[in-house]
file protein.txt (compact mmCIF, C-alpha atoms)
# COMPACT_ATOMS: atom_id res chain seq x y z
CA MET A 1 116.40 85.57 139.35
CA GLU A 2 117.96 88.86 138.24
CA ILE A 3 116.52 90.01 134.94
CA MET A 4 117.35 92.90 132.68
CA ARG A 5 114.53 93.94 130.37
CA LEU A 6 115.46 95.52 127.06
CA VAL A 7 112.91 96.95 124.71
CA VAL A 8 113.60 96.80 120.99
CA THR A 9 111.58 99.40 119.17
CA GLY A 10 111.43 101.15 115.81
CA PRO A 11 109.23 101.51 112.76
CA VAL A 12 107.83 98.52 110.91
CA GLY A 13 110.55 96.89 108.84
CA ALA A 14 113.45 98.22 110.89
CA GLY A 15 114.32 94.67 111.98
CA LYS A 16 112.91 94.41 115.52
CA SER A 17 111.63 90.85 115.25
CA THR A 18 114.74 89.68 113.42
CA PHE A 19 116.94 91.35 116.01
CA ILE A 20 115.25 89.45 118.83
CA ARG A 21 115.07 86.16 116.95
CA THR A 22 118.74 86.33 116.05
CA VAL A 23 119.92 86.53 119.61
CA SER A 24 117.19 84.79 121.59
CA GLU A 25 117.94 81.33 122.93
CA ILE A 26 114.26 80.45 123.01
CA GLU A 27 111.88 80.50 120.11
CA VAL A 28 110.59 84.02 120.00
CA VAL A 29 107.10 84.42 121.31
CA ASP A 30 105.24 86.36 118.71
CA THR A 31 102.01 87.37 120.36
CA ASP A 32 100.61 88.78 117.19
CA ARG A 33 100.89 85.51 115.35
CA SER A 34 99.56 83.53 118.29
CA ALA A 35 96.59 85.76 118.52
CA THR A 36 95.90 85.62 114.84
CA ASP A 37 96.06 81.86 114.87
CA GLU A 38 92.79 81.95 116.74
CA THR A 39 89.50 82.60 115.08
CA ALA A 40 89.05 85.35 112.56
CA GLU A 41 87.03 87.17 115.15
CA LEU A 42 89.92 87.13 117.57
CA LYS A 43 92.26 88.32 114.88
CA LYS A 44 90.01 91.22 114.19
CA LYS A 45 89.77 92.32 117.79
CA THR A 46 93.18 91.71 119.24
CA THR A 47 95.35 94.78 119.77
CA VAL A 48 98.17 93.07 121.62
CA ALA A 49 101.31 92.27 119.73
CA PHE A 50 104.93 92.17 120.75
CA ASP A 51 107.88 89.84 120.40
CA PHE A 52 109.53 88.29 123.39
CA GLY A 53 112.97 86.68 123.47
CA ARG A 54 115.28 85.56 126.24
CA LEU A 55 118.97 85.02 126.83
CA GLN A 56 119.97 83.26 130.03
CA PHE A 57 123.63 83.67 130.84
CA GLY A 58 123.82 82.31 134.37
CA PRO A 59 121.77 80.17 136.74
CA GLU A 60 120.08 83.27 138.14
CA THR A 61 120.66 85.87 135.44
CA ALA A 62 118.80 86.48 132.21
CA LEU A 63 118.22 89.13 129.59
CA HIS A 64 114.67 89.61 128.34
CA LEU A 65 114.03 91.28 125.03
CA TYR A 66 110.70 92.83 124.14
CA GLY A 67 109.84 94.06 120.68
CA THR A 68 107.26 96.81 120.53
CA PRO A 69 103.95 96.25 118.73
CA GLY A 70 104.08 96.55 114.98
CA GLN A 71 101.11 98.82 114.53
CA SER A 72 101.64 102.53 114.30
CA ARG A 73 99.22 103.49 117.07
CA PHE A 74 100.60 103.86 120.55
CA ASP A 75 98.46 101.83 122.90
CA PHE A 76 98.64 100.63 126.48
CA MET A 77 101.09 97.87 125.56
CA TRP A 78 103.72 100.43 124.61
CA ASP A 79 103.24 102.07 127.95
CA ILE A 80 103.61 98.80 129.82
CA LEU A 81 106.74 97.80 127.96
CA ILE A 82 108.58 101.07 128.40
CA ARG A 83 107.64 101.44 132.05
CA GLN A 84 109.14 98.05 132.81
CA ALA A 85 112.25 98.42 130.69
CA HIS A 86 115.78 99.00 131.93
CA ALA A 87 117.00 100.27 128.55
CA TYR A 88 115.95 100.30 124.94
CA VAL A 89 117.31 100.23 121.44
CA LEU A 90 115.64 102.25 118.70
CA LEU A 91 116.13 100.50 115.38
CA VAL A 92 115.98 102.66 112.28
CA ALA A 93 116.29 101.43 108.70
CA ALA A 94 118.82 103.72 107.04
CA HIS A 95 117.23 103.34 103.61
CA ARG A 96 113.69 104.32 104.63
CA PRO A 97 113.77 108.06 105.31
CA HIS A 98 109.99 108.26 105.18
CA GLU A 99 110.01 106.29 108.46
CA PHE A 100 112.34 108.68 110.28
CA ARG A 101 109.50 110.86 111.44
CA TYR A 102 107.74 107.89 112.99
CA ALA A 103 111.00 106.79 114.63
CA ARG A 104 111.30 110.27 116.08
CA ARG A 105 107.79 110.01 117.49
CA ILE A 106 108.68 106.68 119.08
CA ALA A 107 111.76 108.17 120.75
CA SER A 108 109.70 111.11 121.94
CA PHE A 109 107.04 108.77 123.34
CA MET A 110 109.66 106.68 125.14
CA ASN A 111 111.65 109.60 126.49
CA GLN A 112 108.59 111.31 127.87
CA ARG A 113 107.77 108.26 129.96
CA ARG A 114 111.12 107.07 131.15
CA ASN A 115 114.60 108.44 131.38
CA ILE A 116 116.41 105.20 130.66
CA PRO A 117 119.52 104.46 128.62
CA MET A 118 118.95 104.08 124.90
CA ILE A 119 120.99 103.63 121.77
CA MET A 120 120.08 104.04 118.14
CA GLY A 121 120.69 100.96 116.00
CA VAL A 122 120.91 101.73 112.30
CA THR A 123 120.00 98.82 110.03
CA HIS A 124 120.25 98.34 106.25
CA VAL A 125 123.35 100.53 106.10
CA ASP A 126 124.61 98.66 103.03
CA SER A 127 121.65 99.72 100.93
CA PRO A 128 122.51 102.20 98.16
CA GLU A 129 119.65 104.33 99.43
CA ALA A 130 120.97 104.38 102.98
CA TRP A 131 121.34 107.66 104.79
CA ASP A 132 124.44 108.48 106.73
CA PRO A 133 123.89 107.74 110.46
CA GLU A 134 124.86 111.32 111.30
CA ASN A 135 122.08 112.63 109.11
CA ILE A 136 119.60 110.10 110.49
CA ALA A 137 120.40 111.36 113.98
CA ILE A 138 119.67 114.92 112.86
CA ALA A 139 116.41 113.81 111.22
CA LEU A 140 115.43 112.24 114.52
CA GLY A 141 116.02 115.50 116.32
CA TYR A 142 119.43 114.74 117.80
CA LEU A 143 121.19 117.86 116.63
CA ASP A 144 124.01 117.96 119.14
CA PRO A 145 126.59 115.15 118.77
CA GLN A 146 127.57 115.70 122.40
CA THR A 147 124.18 114.91 123.83
CA ARG A 148 122.71 112.42 121.42
CA PRO A 149 122.55 108.69 122.21
CA PRO A 150 125.19 106.27 120.95
CA ILE A 151 124.63 105.20 117.35
CA ILE A 152 125.64 101.77 116.13
CA ASN A 153 125.24 99.99 112.81
CA VAL A 154 123.35 96.72 113.16
CA ASN A 155 122.77 93.75 110.92
CA ALA A 156 119.76 92.21 112.59
CA ASN A 157 120.40 88.90 110.83
CA GLU A 158 123.86 88.44 112.31
CA GLU A 159 124.20 87.24 115.86
CA ALA A 160 127.58 88.93 116.32
CA SER A 161 126.20 92.27 115.16
CA VAL A 162 123.15 92.05 117.40
CA ALA A 163 125.35 91.01 120.34
CA GLN A 164 127.55 94.03 119.65
CA ALA A 165 124.53 96.32 119.70
CA ILE A 166 123.36 94.91 123.02
CA ILE A 167 126.88 95.28 124.42
CA ALA A 168 126.80 98.94 123.39
CA LEU A 169 123.46 99.39 125.12
CA VAL A 170 124.56 97.56 128.26
CA GLN A 171 127.80 99.51 128.45
CA HIS A 172 125.80 102.70 128.01
CA SER A 173 123.60 101.53 130.88
CA MET A 174 126.65 100.86 133.05
CA GLN A 175 127.62 104.50 132.80
CA SER A 176 124.41 105.54 134.48
CA CYS A 177 123.94 102.56 136.76
CA PRO A 178 124.46 103.09 140.51
CA THR A 179 127.36 101.10 141.87
CA MET B 180 113.40 120.74 93.02
CA ASN B 181 112.67 120.50 89.32
CA GLY B 182 116.38 120.42 88.43
CA GLU B 183 116.37 123.91 86.95
CA ARG B 184 115.79 126.07 89.97
CA ASN B 185 118.43 126.85 92.54
CA PHE B 186 118.04 128.77 95.77
CA TYR B 187 120.89 130.31 97.65
CA ILE B 188 121.04 131.27 101.29
CA TRP B 189 124.12 132.85 102.80
CA PHE B 190 125.10 132.62 106.44
CA ARG B 191 127.70 134.42 108.49
CA GLN B 192 128.48 133.11 111.95
CA GLY B 193 125.22 131.20 112.05
CA GLN B 194 123.15 134.20 111.06
CA LEU B 195 121.31 134.41 107.77
CA VAL B 196 122.58 137.44 105.83
CA ALA B 197 121.10 137.10 102.33
CA ALA B 198 118.99 134.91 100.09
CA ALA B 199 118.50 134.80 96.34
CA ASP B 200 117.44 132.57 93.47
CA ARG B 201 120.27 133.83 91.28
CA LEU B 202 124.02 134.17 91.44
CA ASP B 203 124.53 137.25 89.28
CA GLY B 204 124.44 139.48 92.33
CA GLN B 205 121.54 141.53 90.93
CA GLY B 206 118.72 140.23 93.13
CA LEU B 207 118.75 142.97 95.76
CA LEU B 208 119.21 145.78 93.25
CA ALA B 209 116.30 144.40 91.22
CA MET B 210 114.12 144.50 94.31
CA ILE B 211 115.09 148.12 94.94
CA HIS B 212 114.32 148.91 91.33
CA ARG B 213 110.90 147.18 91.51
CA ARG B 214 109.95 149.35 94.45
CA GLY B 215 110.84 152.45 92.46
CA TRP B 216 113.43 153.59 94.97
CA LEU B 217 116.32 153.68 92.53
CA SER B 218 117.04 152.40 89.06
CA THR B 219 119.19 149.30 88.84
CA ARG B 220 121.74 151.21 86.79
CA ALA B 221 122.03 154.02 89.32
CA ALA B 222 122.20 151.59 92.22
CA THR B 223 124.91 149.62 90.50
CA ARG B 224 126.95 152.75 89.89
CA ILE B 225 126.67 153.80 93.50
CA THR B 226 127.55 150.42 94.94
CA GLU B 227 130.56 150.21 92.63
CA VAL B 228 132.22 152.98 94.54
CA CYS B 229 131.49 151.44 97.94
CA ALA B 230 134.09 149.58 99.94
CA VAL B 231 134.79 146.09 98.58
CA ASP B 232 133.54 144.30 101.66
CA GLN B 233 130.59 146.56 102.35
CA PRO B 234 127.07 145.17 101.92
CA ALA B 235 125.15 146.99 99.17
CA GLY B 236 122.34 147.91 101.56
CA LEU B 237 124.65 149.62 104.02
CA CYS B 238 126.44 151.38 101.16
CA LEU B 239 123.17 152.82 99.85
CA LYS B 240 122.22 153.83 103.38
CA SER B 241 125.53 155.60 103.92
CA GLN B 242 124.91 157.49 100.67
CA GLY B 243 121.51 158.59 101.99
CA ILE B 244 119.66 156.67 99.27
CA LEU B 245 117.88 154.22 101.59
CA ASP B 246 116.90 154.51 105.23
CA ALA B 247 116.93 151.89 107.98
CA GLU B 248 113.25 151.03 107.56
CA GLN B 249 113.68 150.45 103.85
CA LEU B 250 116.60 148.15 104.52
CA LYS B 251 114.51 146.17 107.01
CA LEU B 252 111.73 145.87 104.48
CA LEU B 253 114.15 144.73 101.80
CA PHE B 254 115.77 142.14 104.04
CA ARG B 255 112.46 140.78 105.21
CA SER B 256 111.12 140.57 101.70
CA GLN B 257 114.30 139.10 100.22
CA VAL B 258 114.69 136.43 102.86
CA LEU B 259 111.04 135.53 103.40
CA GLN B 260 110.39 135.14 99.72
CA GLN B 261 113.23 132.66 99.28
CA ILE B 262 112.56 130.72 102.46
CA CYS B 263 108.87 130.47 101.69
CA ASN B 264 109.71 129.12 98.26
CA LEU B 265 111.78 126.39 99.84
CA PHE B 266 108.80 125.12 101.81
CA THR B 267 106.82 124.54 98.64
CA ILE B 268 109.37 122.30 96.94
CA GLN B 269 108.40 118.65 96.62
CA GLU B 270 111.94 117.31 96.38
CA GLY B 271 115.27 118.98 96.63
CA GLN B 272 118.90 118.55 97.27
CA PHE B 273 120.78 120.52 99.86
CA GLN B 274 124.41 121.42 99.56
CA PHE B 275 126.43 123.32 102.11
CA ASN B 276 129.51 125.21 100.95
CA SER B 277 131.48 126.45 103.92
CA LYS B 278 133.88 128.30 101.64
CA ALA B 279 131.33 130.35 99.72
CA GLU B 280 132.10 134.04 99.53
CA LEU B 281 129.57 136.46 100.91
CA PRO B 282 127.69 138.28 98.14
CA ASN B 283 127.98 141.91 99.20
CA SER B 284 125.74 143.06 96.36
CA GLU B 285 122.92 140.87 97.69
CA MET B 286 123.36 141.90 101.30
CA THR B 287 121.40 144.57 103.10
CA GLY B 288 123.77 144.48 106.06
CA LEU B 289 121.08 143.00 108.24
CA SER B 290 121.02 139.45 109.55
CA ALA B 291 118.68 137.12 111.43
CA PRO B 292 118.93 133.76 113.19
CA ALA B 293 117.89 130.86 110.96
CA LYS B 294 115.16 129.83 113.41
CA GLU B 295 113.56 133.25 113.32
CA VAL B 296 113.55 133.25 109.54
CA THR B 297 112.17 129.71 109.42
CA LEU B 298 109.37 130.69 111.76
CA ALA B 299 108.53 133.75 109.70
CA GLY B 300 108.72 131.75 106.46
CA LEU B 301 106.29 129.14 107.76
CA ARG B 302 103.92 131.80 109.04
CA ALA B 303 103.81 133.32 105.58
CA LEU B 304 103.28 129.97 103.88
CA GLN B 305 99.91 129.76 102.17
CA ASP B 306 100.11 126.40 100.45
CA TRP B 307 100.77 123.64 102.96
CA SER B 308 100.11 120.75 100.56
CA ILE B 309 103.76 119.70 100.38
CA LEU B 310 104.18 119.75 104.14
CA ARG B 311 100.83 118.19 104.99
CA SER B 312 102.29 114.70 105.45
CA LYS B 313 104.96 116.13 107.75
CA LEU B 314 102.52 117.71 110.17
CA PRO B 315 102.17 116.19 113.64
CA GLU B 316 99.25 113.84 114.10
CA PRO B 317 96.00 115.35 115.40
CA THR B 318 96.00 112.65 118.11
CA SER B 319 99.51 113.58 119.30
CA GLY B 320 100.39 116.03 122.02
CA LEU B 321 103.31 118.42 122.36
CA VAL B 322 106.09 118.57 124.91
CA SER B 323 108.32 121.59 125.32
CA THR B 324 112.00 121.07 124.68
CA VAL B 325 113.08 124.32 126.27
CA ASN B 326 112.20 125.96 129.58
CA HIS B 327 110.43 128.88 128.01
CA GLY B 328 109.56 130.03 124.52
CA GLY B 329 111.02 133.46 125.07
CA GLN B 330 114.00 132.92 122.78
CA LEU B 331 111.76 133.57 119.81
CA ARG B 332 108.93 136.00 119.42
CA LEU B 333 105.84 133.88 119.13
CA SER B 334 102.59 134.94 117.55
CA GLN B 335 99.51 135.01 119.75
CA LEU B 336 98.30 131.66 118.48
CA GLU B 337 101.75 130.08 118.81
CA ALA B 338 101.92 131.31 122.39
CA GLN B 339 98.48 129.85 123.08
CA VAL B 340 99.48 126.45 121.69
CA TRP B 341 102.76 126.71 123.59
CA GLU B 342 100.71 126.71 126.79
CA PHE B 343 99.73 123.12 125.99
CA THR B 344 103.25 121.70 125.70
CA LYS B 345 102.98 119.38 128.66
CA GLY B 346 102.35 116.28 126.58
CA THR B 347 98.85 115.69 127.90
CA VAL B 348 96.49 117.32 125.43
CA SER B 349 96.08 116.21 121.84
CA LEU B 350 96.27 118.72 119.01
CA GLU B 351 92.65 118.06 118.12
CA ALA B 352 91.65 118.80 121.73
CA ILE B 353 93.70 122.01 121.63
CA ALA B 354 91.90 122.94 118.42
CA GLN B 355 88.58 122.39 120.12
CA GLN B 356 89.54 124.46 123.13
CA LEU B 357 90.84 127.33 121.03
CA GLN B 358 88.02 126.96 118.52
CA ILE B 359 90.40 126.83 115.62
CA SER B 360 90.65 124.17 112.93
CA THR B 361 92.78 121.14 113.75
CA GLU B 362 94.82 121.68 110.59
CA LYS B 363 95.70 125.19 111.67
CA ILE B 364 96.80 123.90 115.07
CA GLN B 365 98.86 121.19 113.36
CA GLN B 366 100.60 123.91 111.37
CA VAL B 367 101.32 125.93 114.48
CA ALA B 368 102.61 122.80 116.23
CA PHE B 369 104.80 122.06 113.22
CA ARG B 370 106.33 125.52 113.47
CA LEU B 371 107.10 125.05 117.15
CA ILE B 372 108.68 121.67 116.39
CA VAL B 373 110.76 122.90 113.47
CA VAL B 374 112.30 125.74 115.45
CA GLY B 375 113.11 123.40 118.31
CA LEU B 376 110.68 124.69 120.91
CA ALA B 377 108.53 121.57 121.14
CA GLU B 378 108.43 117.94 120.18
CA GLU B 379 105.52 115.84 119.04
CA VAL B 380 104.66 113.14 121.51
CA PRO B 381 102.13 110.42 120.72
CA LEU B 382 99.43 110.03 123.32
CA ILE B 383 98.27 106.60 124.35
CA VAL B 384 95.25 105.28 122.56
CA GLU B 385 93.09 103.71 125.22
CA PRO B 386 92.26 100.12 124.32
CA PRO B 387 88.71 98.90 124.30
CA MET B 388 88.04 96.65 127.28
CA SER B 389 87.54 93.70 124.96
CA SER B 390 91.24 93.82 124.15
CA PHE B 391 92.03 92.62 127.64
CA ASP B 392 89.49 89.83 127.27
CA MET B 393 91.22 88.73 124.10
CA GLU B 394 94.62 88.32 125.75
CA PRO B 395 96.22 85.03 124.72
CA GLU B 396 96.65 83.02 127.88
CA PHE B 397 100.37 82.36 127.52
CA LEU B 398 100.99 86.07 127.77
CA LEU B 399 100.12 85.82 131.41
CA ASP B 400 103.34 83.86 131.84
CA GLN B 401 105.37 86.85 130.82
CA PRO B 402 106.60 88.58 133.94
CA VAL B 403 106.39 92.00 132.39
CA TYR B 404 102.72 91.60 131.69
CA VAL B 405 101.78 90.15 135.06
CA ASN B 406 103.80 92.71 136.93
CA ALA B 407 103.03 95.72 134.91
CA ILE B 408 99.32 96.12 134.68
CA GLY B 409 98.20 98.86 136.97
CA GLN B 410 101.65 99.36 138.44
CA SER B 411 104.05 102.25 138.29
CA ASP B 412 107.46 102.44 136.67
CA ASN B 413 110.03 99.74 136.99
CA GLN B 414 112.08 100.42 140.10
CA ASP B 415 114.37 97.41 140.29
CA GLN B 416 117.83 98.12 139.00
CA VAL B 417 120.22 95.54 137.71
CA SER B 418 123.59 95.37 139.44
CA GLN B 419 126.92 96.35 137.94
CA SER B 420 128.14 92.75 138.29
CA PHE B 421 125.09 91.59 136.35
CA LEU B 422 125.91 94.04 133.55
CA GLN B 423 129.58 93.07 133.52
CA ASN B 424 128.71 89.37 133.31
CA LEU B 425 126.27 90.08 130.53
CA VAL B 426 128.87 92.00 128.53
CA SER B 427 131.39 89.16 129.00
CA PHE B 428 128.79 86.66 127.84
CA LEU B 429 127.85 88.71 124.79
CA LYS B 430 131.48 89.25 123.83
CA GLY B 431 131.64 85.51 123.32
CA LYS B 432 128.99 85.91 120.64
CA ALA B 433 130.20 89.14 119.08

call {"tool": "encode", "arguments": {"input": "protein.txt", "output": "structure tokens"}}
result
Amino acid sequence: MEIMRLVVTGPVGAGKSTFIRTVSEIEVVDTDRSATDETAELKKKTTVAFDFGRLQFGPETALHLYGTPGQSRFDFMWDILIRQAHAYVLLVAAHRPHEFRYARRIASFMNQRRNIPMIMGVTHVDSPEAWDPENIAIALGYLDPQTRPPIINVNANEEASVAQAIIALVQHSMQSCPT
Amino acid sequence: MNGERNFYIWFRQGQLVAAADRLDGQGLLAMIHRRGWLSTRAATRITEVCAVDQPAGLCLKSQGILDAEQLKLLFRSQVLQQICNLFTIQEGQFQFNSKAELPNSEMTGLSAPAKEVTLAGLRALQDWSILRSKLPEPTSGLVSTVNHGGQLRLSQLEAQVWEFTKGTVSLEAIAQQLQISTEKIQQVAFRLIVVGLAEEVPLIVEPPMSSFDMEPEFLLDQPVYVNAIGQSDNQDQVSQSFLQNLVSFLKGKA
């Protein structure tokens, strides 16, 4: 089975879980919820939480989607996910500028570990409070339009929009993929 | 910004040439007057006879009224004061006017790169309360974003912190090593980040062993989990045909 692993990351509320749920053909495995369904003691202790979705598009080919843990601390699970990923999408809510700094830290964390293709998916662009994607890119430290990652608007609730974002990421990956 | 205060910074070819909190063109002359070097009236008279496009500072220098050191002092004071003020504003709105005319009466004739001025402005900042929430986390490390920090003149402490920009040591550990408060190190790190020399990078928080014990069993079915623990980076690449098929499949949904 040939599998491509995509990581979907971003601050809380950027739409990671929705993004995966919208496109996954299986019911998304939410490890956080499963863990918290156990005893209160388990809930208190567990630190593992990520979403998992899958899209099989051939008998031997599938896309796996992993959403990063919701908590703000960067633990071993982040490390595992990024080290196994082929590419990732950083989701940023355009109307929550106070989260940009955290999104920047995520990108920095990811980029330090792996040099893999990434795109920036901007959600909530229709909000009156939304920042222009160009300015979000600058806030995230991507000052040079020539070297920054592709930026795409995403509606995490719409399958077509999510598919378009993944296409953008895959096509970006194709540019750096050995033939 | 409180809605009543405006700050103006003028650039020429990417270099900062003047700063003021007024638009009447009297800021620089007022500074000269305050230092007792020349009365505002006399300075105004002299600069009136200078060339139209000549900065007031250079004009006064050519007339032998001010020397090069005084101009440097004026420029530093004029620019630092305004930039420092900007860092203490809770909320503000930024507007860039690419067609603004250069204010010769506010100009000393000197200029400086924005990064250099930013660095100096942050060094001079006393009250960090507004920026406190923007400082890098004490548990984060720093990674350099340039090969060397030589583009800007760093202070001794900045240079010391710069030595730790390999993304392996937390700011609180740096503070301990240098025997300086963590907050001070956070401020230094912030300066390095703002001028583009370094980037904050979160360090991994090691999980308690019990976290592994608490793993929900179904997680073990996930290939990434089973394969990843204790192993190095993902080495298997997906083929071009795989990617092309995936794009074709997704286009049916898009």

call {"tool": "closest_residue", "arguments": {"input": "protein.txt", "among": "B:Lys432, B:Arg224, B:Arg332, B:Lys313", "to": "B:Phe266", "atoms": "only C-alpha atoms"}}
result
B:Lys313

call {"tool": "residues_near_point", "arguments": {"input": "protein.txt", "point": "(114.4, 97.5, 112.3)", "cutoff": "6 Å", "atoms": "only C-alpha atoms", "output": "list of chain:residue names"}}
result
A:Gly10, A:Gly13, A:Ala14, A:Gly15, A:Lys16, A:Leu91, A:Val92, A:Ala93

call {"tool": "closest_residue", "arguments": {"input": "protein.txt", "among": "B:Met286, B:Leu321, B:Val348, B:Leu371", "to": "chain A", "atoms": "all atoms listed in the file"}}
result
B:Leu321

call {"tool": "closest_residue", "arguments": {"input": "protein.txt", "among": "A:Leu143, A:Ala85, A:Val7, A:Ile119", "to": "chain B", "atoms": "all atoms listed in the file"}}
result
A:Ala85

call {"tool": "atom_distance", "arguments": {"input": "protein.txt", "atom1": "atom CA of A:Leu81", "atom2": "atom CA of A:Gly141"}}
result
23.1 Å

call {"tool": "interface_residues", "arguments": {"input": "protein.txt", "of": "chain A", "to": "chain B", "cutoff": "6 Å", "atoms": "all atoms listed in the file", "output": "short mmCIF file (atom, residue, chain, number, x, y, z; two decimals) with C-alpha atoms, in the frame of the given file"}}
result
data_model
loop_
_atom_site.label_atom_id
_atom_site.label_comp_id
_atom_site.auth_asym_id
_atom_site.auth_seq_id
_atom_site.Cartn_x
_atom_site.Cartn_y
_atom_site.Cartn_z
CA THR A 46 93.18 91.71 119.24
CA PHE A 74 100.60 103.86 120.55
CA ASP A 75 98.46 101.83 122.90
CA ILE A 80 103.61 98.80 129.82
CA ARG A 83 107.64 101.44 132.05
CA GLN A 84 109.14 98.05 132.81
CA ARG A 105 107.79 110.01 117.49
CA SER A 108 109.70 111.11 121.94
CA PHE A 109 107.04 108.77 123.34
CA ALA A 160 127.58 88.93 116.32
CA ALA A 163 125.35 91.01 120.34
CA GLN A 164 127.55 94.03 119.65
CA ILE A 167 126.88 95.28 124.42
#

call {"tool": "residues_near_point", "arguments": {"input": "protein.txt", "point": "(132.4, 131.2, 98.1)", "cutoff": "12 Å", "atoms": "all atoms listed in the file", "output": "CSV table (one decimal) with C-alpha atoms, in the coordinates of the input"}}
result
chain,number,residue,atom,x,y,z
B,187,TYR,CA,120.9,130.3,97.6
B,188,ILE,CA,121.0,131.3,101.3
B,189,TRP,CA,124.1,132.8,102.8
B,190,PHE,CA,125.1,132.6,106.4
B,191,ARG,CA,127.7,134.4,108.5
B,202,LEU,CA,124.0,134.2,91.4
B,275,PHE,CA,126.4,123.3,102.1
B,276,ASN,CA,129.5,125.2,101.0
B,277,SER,CA,131.5,126.4,103.9
B,278,LYS,CA,133.9,128.3,101.6
B,279,ALA,CA,131.3,130.4,99.7
B,280,GLU,CA,132.1,134.0,99.5
B,281,LEU,CA,129.6,136.5,100.9
B,282,PRO,CA,127.7,138.3,98.1
B,283,ASN,CA,128.0,141.9,99.2

call {"tool": "residues_around", "arguments": {"input": "protein.txt", "residues": "stretch 231-244 of chain B", "least_positions_apart": "2", "cutoff": "9 Å", "atoms": "all atoms listed in the file", "output": "ChimeraX atom specification"}}
result
/B:207-208,216-217,222,225-229,246-247,250,253,281-289

call {"tool": "write_last_selection", "arguments": {"input": "protein.txt", "atoms": "C-alpha atoms", "output": "PDB file, keeping the file's coordinate frame"}}
result
ATOM      1  CA  LEU B 207     118.750 142.970  95.760  1.00  0.00           C
ATOM      2  CA  LEU B 208     119.210 145.780  93.250  1.00  0.00           C
ATOM      3  CA  TRP B 216     113.430 153.590  94.970  1.00  0.00           C
ATOM      4  CA  LEU B 217     116.320 153.680  92.530  1.00  0.00           C
ATOM      5  CA  ALA B 222     122.200 151.590  92.220  1.00  0.00           C
ATOM      6  CA  ILE B 225     126.670 153.800  93.500  1.00  0.00           C
ATOM      7  CA  THR B 226     127.550 150.420  94.940  1.00  0.00           C
ATOM      8  CA  GLU B 227     130.560 150.210  92.630  1.00  0.00           C
ATOM      9  CA  VAL B 228     132.220 152.980  94.540  1.00  0.00           C
ATOM     10  CA  CYS B 229     131.490 151.440  97.940  1.00  0.00           C
ATOM     11  CA  ASP B 246     116.900 154.510 105.230  1.00  0.00           C
ATOM     12  CA  ALA B 247     116.930 151.890 107.980  1.00  0.00           C
ATOM     13  CA  LEU B 250     116.600 148.150 104.520  1.00  0.00           C
ATOM     14  CA  LEU B 253     114.150 144.730 101.800  1.00  0.00           C
ATOM     15  CA  LEU B 281     129.570 136.460 100.910  1.00  0.00           C
ATOM     16  CA  PRO B 282     127.690 138.280  98.140  1.00  0.00           C
ATOM     17  CA  ASN B 283     127.980 141.910  99.200  1.00  0.00           C
ATOM     18  CA  SER B 284     125.740 143.060  96.360  1.00  0.00           C
ATOM     19  CA  GLU B 285     122.920 140.870  97.690  1.00  0.00           C
ATOM     20  CA  MET B 286     123.360 141.900 101.300  1.00  0.00           C
ATOM     21  CA  THR B 287     121.400 144.570 103.100  1.00  0.00           C
ATOM     22  CA  GLY B 288     123.770 144.480 106.060  1.00  0.00           C
ATOM     23  CA  LEU B 289     121.080 143.000 108.240  1.00  0.00           C
TER      24      LEU B 289
END

call {"tool": "atom_distance", "arguments": {"input": "protein.txt", "atom1": "atom CA of B:Ile211", "atom2": "atom CA of B:Gln261"}}
result
16.2 Å
